[in-house]
Amino acid sequence: MRFYGFAHDEIVAPDRSGRQMLSLDVDPKMAWALAHRDRFPVDLNRAPREMLLRVPGLGVKAVDRLLMARRVRRVRADDLKRLHVPLKKVWPFVTTDDHRPTRAMEAAPLAAVRGPAALPAPAQASLF
């Protein structure tokens, strides 16, 4: 939360019983992105740093490298590979000059991004 600029109520959503817990089956940034589909895809050449930090797959170091690369030239798909960005996670959420996702926010492509569904459901441990 400290590095990505999220507030507590943006990340933690109340469950059926009204308690606020993190979802154990989805990364918090991915859960936020899926809940705010209207903000994506993000143009890597124009988006502010705060929005780039909210893209699943982009960390603080990757965003800093992207911003430095943007000063020199327009960011393209090949540049993301050189910056060691996890393309599988990032592709549905970003656009570049040579990449425009056509079905970016549909359920089928995002199922592959979220991870394998065959894993058993994790259980929240109790502190008391």
# chains A, B, ... in the order shown; residues from 1 in each chain; ligands from 1
$ select_by_dssp --residues "stretch 42-111 of chain A" --states "strand (DSSP E or B)" --output "list in words"
Val42, Asp43, Val94, Thr95, Thr96 and His99 of chain A
$ write_last_selection --atoms "N, CA and C atoms" --output "PDB file, in the first residue's frame"
ATOM      1  N   VAL A  42      -4.183   1.151 -19.886  1.00  0.00           N
ATOM      2  CA  VAL A  42      -3.420   2.358 -19.598  1.00  0.00           C
ATOM      3  C   VAL A  42      -2.383   2.549 -20.696  1.00  0.00           C
ATOM      4  N   ASP A  43      -2.267   3.756 -21.220  1.00  0.00           N
ATOM      5  CA  ASP A  43      -1.249   4.066 -22.222  1.00  0.00           C
ATOM      6  C   ASP A  43       0.084   4.289 -21.511  1.00  0.00           C
ATOM      7  N   VAL A  94      -2.397  -2.700 -20.588  1.00  0.00           N
ATOM      8  CA  VAL A  94      -1.634  -1.578 -21.121  1.00  0.00           C
ATOM      9  C   VAL A  94      -1.744  -1.485 -22.637  1.00  0.00           C
ATOM     10  N   THR A  95      -1.449  -0.280 -23.143  1.00  0.00           N
ATOM     11  CA  THR A  95      -1.303  -0.073 -24.579  1.00  0.00           C
ATOM     12  C   THR A  95       0.037   0.608 -24.829  1.00  0.00           C
ATOM     13  N   THR A  96       0.607   0.316 -25.978  1.00  0.00           N
ATOM     14  CA  THR A  96       1.803   1.000 -26.455  1.00  0.00           C
ATOM     15  C   THR A  96       1.540   1.382 -27.908  1.00  0.00           C
ATOM     16  N   HIS A  99       1.021  -2.028 -29.560  1.00  0.00           N
ATOM     17  CA  HIS A  99       0.192  -3.025 -28.874  1.00  0.00           C
ATOM     18  C   HIS A  99      -1.102  -2.374 -28.404  1.00  0.00           C
TER      19      HIS A  99
END
$ closest_residue --among "A:Leu67, A:Leu127, A:Leu80, A:Val90" --to "A:Pro41" --atoms "only C-alpha atoms"
A:Val90
$ closest_residue --among "A:Arg54, A:Asp64, A:Arg70, A:Ala77" --to "A:Ala7" --atoms "only C-alpha atoms"
A:Arg54
$ atom_distance --atom1 "atom CA of A:Glu50" --atom2 "atom CA of A:Ala35"
17.3 Å
